[in-house]
Structures are given as structure tokens and as C-alpha cells.
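J.: Just dropping this structure here.
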Amino acid sequence: MELFRFENATVERAHAGPVLRGLNWVGTTGQTWAIVGPTGSGKTTLLETLAGRHRVVSGTRTIPESTAFVGFREDSRLFSPSNFYYQQRFEFNEPDDCPTAREFLSASIPGSIDAVVEQFRLAELLELKLLKLSNGQQRRLRIAKGLLKKPTLLLLDDPFSGLDTATRAELNEHLRRLGDSGLTVVFTCRDDAVPDWVANVFRIAAPATIRFEPNRSDSTHVPLQLSPSEPIIEMANVTVRNGGRTILDQVNWCVNRGERWAILGPNGSGKTTLLSLLCGDHPQAFANDIRLFGTRRGGGETIWEVKKRIGLVSPEMHQYFPRMLTAREAVASGFCDRFSPEVQTADQSRRVDKLMTQFHLEPEASRRWWQLSTGTQRLLLFLRAVIKGPELLILDEPFQALDAPTVQRVHDWLKSELSTEQTLLIVVHDPTELPAAMTHALRLNEGRVAGANFLPHFP
């Protein structure tokens, strides 16, 4: 039975003009679809249009009423990141206006939640506030809530992004079973990550991705040569607890200047909390023995003195980033470490222009954040992290929503532009996304160090 149809449709986003033209697509009950295409090609826009979120200004659109949409960012009456601030998720006091996972699942949905709680391993999360959940934990919770609506059409925007290997495999099996049961499932994903059970692929064409080409005339890159160096991160028996839960347990870790560390571990293992201690976002940094750039935390330095030497991108930052900044303002905000536009010097302005040109983002410069694709936003946050040439660059799941060619462009930039004096920490769930020349790996599991290794031949 036919479930949705587009005939020669032109789709318009508010204040952005037409974004999809000549759309012809028919879907029937029980089909499984993957929407693929380059970063910024309109995958999320197409999925949102199928959910009825954008206007069809010409042609026709027919879509079902019983639809569940799970996007990258939760923005509903139940929970919206815009009602909170980024560092609030690490504070001991929990906001009263933030629902628990149980309240989020149960709201406005009659019946038991037991089946999805078991299916998505959510029992241990039920009494936690959404603000406290990791990116991967929130993703599982929101997919479970979508299924509670018993939709005829399930729409998922990049559902495997941000999930560890085991959870990704579990979700893949859950979705396969849903497709087998007769539910129509449509989701976006990378072109090279379409599961084998998906019967149909909707491919959005776009101009070929242009690879990053370094400006050799002013590149300061030299081949990485490891040698004894002063430590810039020192942690001794670091423990973080919140509400009776132990998030990090007796962590000992030392990072020397110029090293390249991969930080690995399943969702909820403490990776984001570990990084928040370094960036000055977590208040328990001052209750632990943590030295950064040779100075113990709590020794009198301000949070801004810490942040000016660090560049950061993370899924949580992405969720809380202000929607009204332009793309150019977003990149430039990396100079001041605040989520706001600031007056730039002439040199800073030239640096912004150079970076946006290197990544072919000049056409997006004046567009507002909310008008940009999720992948373009994530690429801009990478530029924001590197814009000031930080001593410590922290990339927490930087490749979410990026296609393989764009990931390679970021790898090429890091290889060409990152100096031997800069230290890199990178969190990924897929080891194939790690840049070349990684030197070490830190593995966390349930808040404990499961391994810290020197990796002279790490791929």
C-alpha cells in the first residue's frame, strides 16, 4: 500500500528559499529506505520534509499522519537544549525543569514503557535527567520514544552516529526487525554505511566533493617526531561522582606535548566527563589532582585562561550552540571561547576567511546556523576549534554527520596544518575515522582506565 508520494515537488525552508527541486519519490508500507548523499546535500531536509516540517511550494506531497521523527537535536516541549547552558550538564545541582529519562518516555504516551526500556538497555538511565546523559545515551532514548508512538513511518536522522560499536550493532538489529515486522523505516546515513537489510536507497546528487589542498606557501607542518617533552596533562587518581554514581574512578593519565591520543570506550564510559575536566567545564576539576600546562587546576587561573589554550568540538557543544549566529560568526567565536560574536582583529578576520576558503564554505558565510545542514554545522565547529591554533586540540566525535570525503578533508588538514607542538585528543567510535600518525590510545570502560598504550604503528 502506498504510504507517501512526492511528484515534481519543490521544497522550501523558511527564510532559506528552495532547497530541493524536482522531487519525485514514492514509498509503500513495509519498505526500508536509506537516504545518502554528500555533506550538505539536503539529506536531513528531505527527511524533515517527509515528516511535514518544510513547505512544498510547487508539485504535490502526500505523507501519513502517524509518523515518528528522531532528529539530531531534541527540541520539543519536553526538552530543548536552548533552555539550558552547556556547562549545566556537569553541575551537581540538577535543574527541576529538566525531565528524567522515565518522564521523557512516559509523557503523553499511554501504556507501558517496559518493552523499549529492555530493548534499548535504558533501565539504568530512567531516573537520570536528560541533561546528564551522553550523546549516545540520548540518541537511544529518543529512538525508543519514537517507537512508543507506534508509527506507520519511522524517520531517523543519522541514527548510528555517536553510538559505540556494540550499541550500533544492537540498533542495526532492532531496525532490521522493525523492517521485517512491516514498519516503514527511512533514515539518513553515510553512503558507505548502508546496512545490508535496507532494500532501497534514495541518493541525493550534488557536485563532487573537493578535497582539501594545503597552502604550501605558508604551511608550518613538519613530520611528527616523538621525543621526550614536558607533560601538558597530568591526572592522579581522578574520581568524579554525581548523585551516588561514579562517573570516573581513580583515573591516572599523563599526556606530553605533541602527542596524538585516541580516546576510546563505549557510550557512558566517561570520555566526555574526562574531557570536560580539562576544558574547565566540570566543577569537580577543582576537587581532583589535575595539572594542565604545568599548573594544578584551582591554582587561581580563571576558566577563560584555561580555555584560551584549548580548542574543542563535541556533540554536546553542537546541541547547545546558538542558532542565530552566522556561519562566519560561529567560526570566529573560537577566538574568544564564547558562544557569541566578537570584534575581530584584521589578522583574525584573514584567518577566518582562509579557513572557510580552504574548506569551500564561503557560500555559507552569511547564513544563520539554523539554516545550515547538520554536517555543515559540524564542519564549522571543527574550524572553530582550530581557528586560534590551540596548544591542545580536543575533537570529541568530530565526524558525526560528515560523509567519508569530508572526513578525509579534515584528516588532510590535520596532517598538513597541525604542528608538532600541538597536542591532539580525539574521541571516535569507529577506529577507521582516526587520522594518521596517532601515537597513543586511552581506553575507558565504566569510568576506569582499561588501557593506555603507545601505538607506534596505529592506523
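How things are named: the first chain in the C-alpha cells is A, the next is B, and so on; residues count from 1 in each chain; ligands count from 1 in the order shown.
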Within 9 Å of region 179-188 of chain A, counting only C-alpha atoms, which residues qualify if same-chain residues fewer than 5 places away don't, as number ranges by chain?

T.: A: 3, 27-37, 43-44, 47, 151-159, 174, 194, 197-198

J.: Just want the 9 Å neighbourhood of Pro266 (chain A), counted on only C-alpha atoms, with same-chain residues fewer than 4 positions away dropped. Output as a ChimeraX atom specification.

T.: /A:163-167,270-271,429,444-446

J.: Counting only C-alpha atoms, which of A:Arg102, A:Arg448, A:Ile233, A:Leu434 gets nearest to Asp249 (chain A)?

T.: A:Arg448

J.: A:Gly311, A:Glu421, A:Ser269, A:Phe339: which is nearest Pro231 (chain A), counting only C-alpha atoms?

T.: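 The answer is A:Glu421, which sits nearest to Pro231 (chain A).
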
J.: DSSP on the backbone: which residues in region 103-252 of chain A end up as alpha helix (DSSP H)? Give the answer as a PyMOL selection string.

T.: chain A and resi 103-106+114-119+135-148+165-180

J.: Please report, as JSON lines, each residue of region 288-352 of chain A lying at most 10 Å from region 59-77 of chain A, together with the nearest pair of atoms and the separation in Å rounded to one decimal; use only C-alpha atoms, and order rows by chain and ascending residue number.

T.:
```
{"residue": "A:Pro315", "atom": "CA", "partner": "A:Phe72", "partner_atom": "CA", "distance": 9.7}
{"residue": "A:Glu316", "atom": "CA", "partner": "A:Arg73", "partner_atom": "CA", "distance": 9.9}
{"residue": "A:His318", "atom": "CA", "partner": "A:Arg73", "partner_atom": "CA", "distance": 8.8}
{"residue": "A:Gln319", "atom": "CA", "partner": "A:Arg73", "partner_atom": "CA", "distance": 6.1}
{"residue": "A:Tyr320", "atom": "CA", "partner": "A:Arg73", "partner_atom": "CA", "distance": 9.2}
```
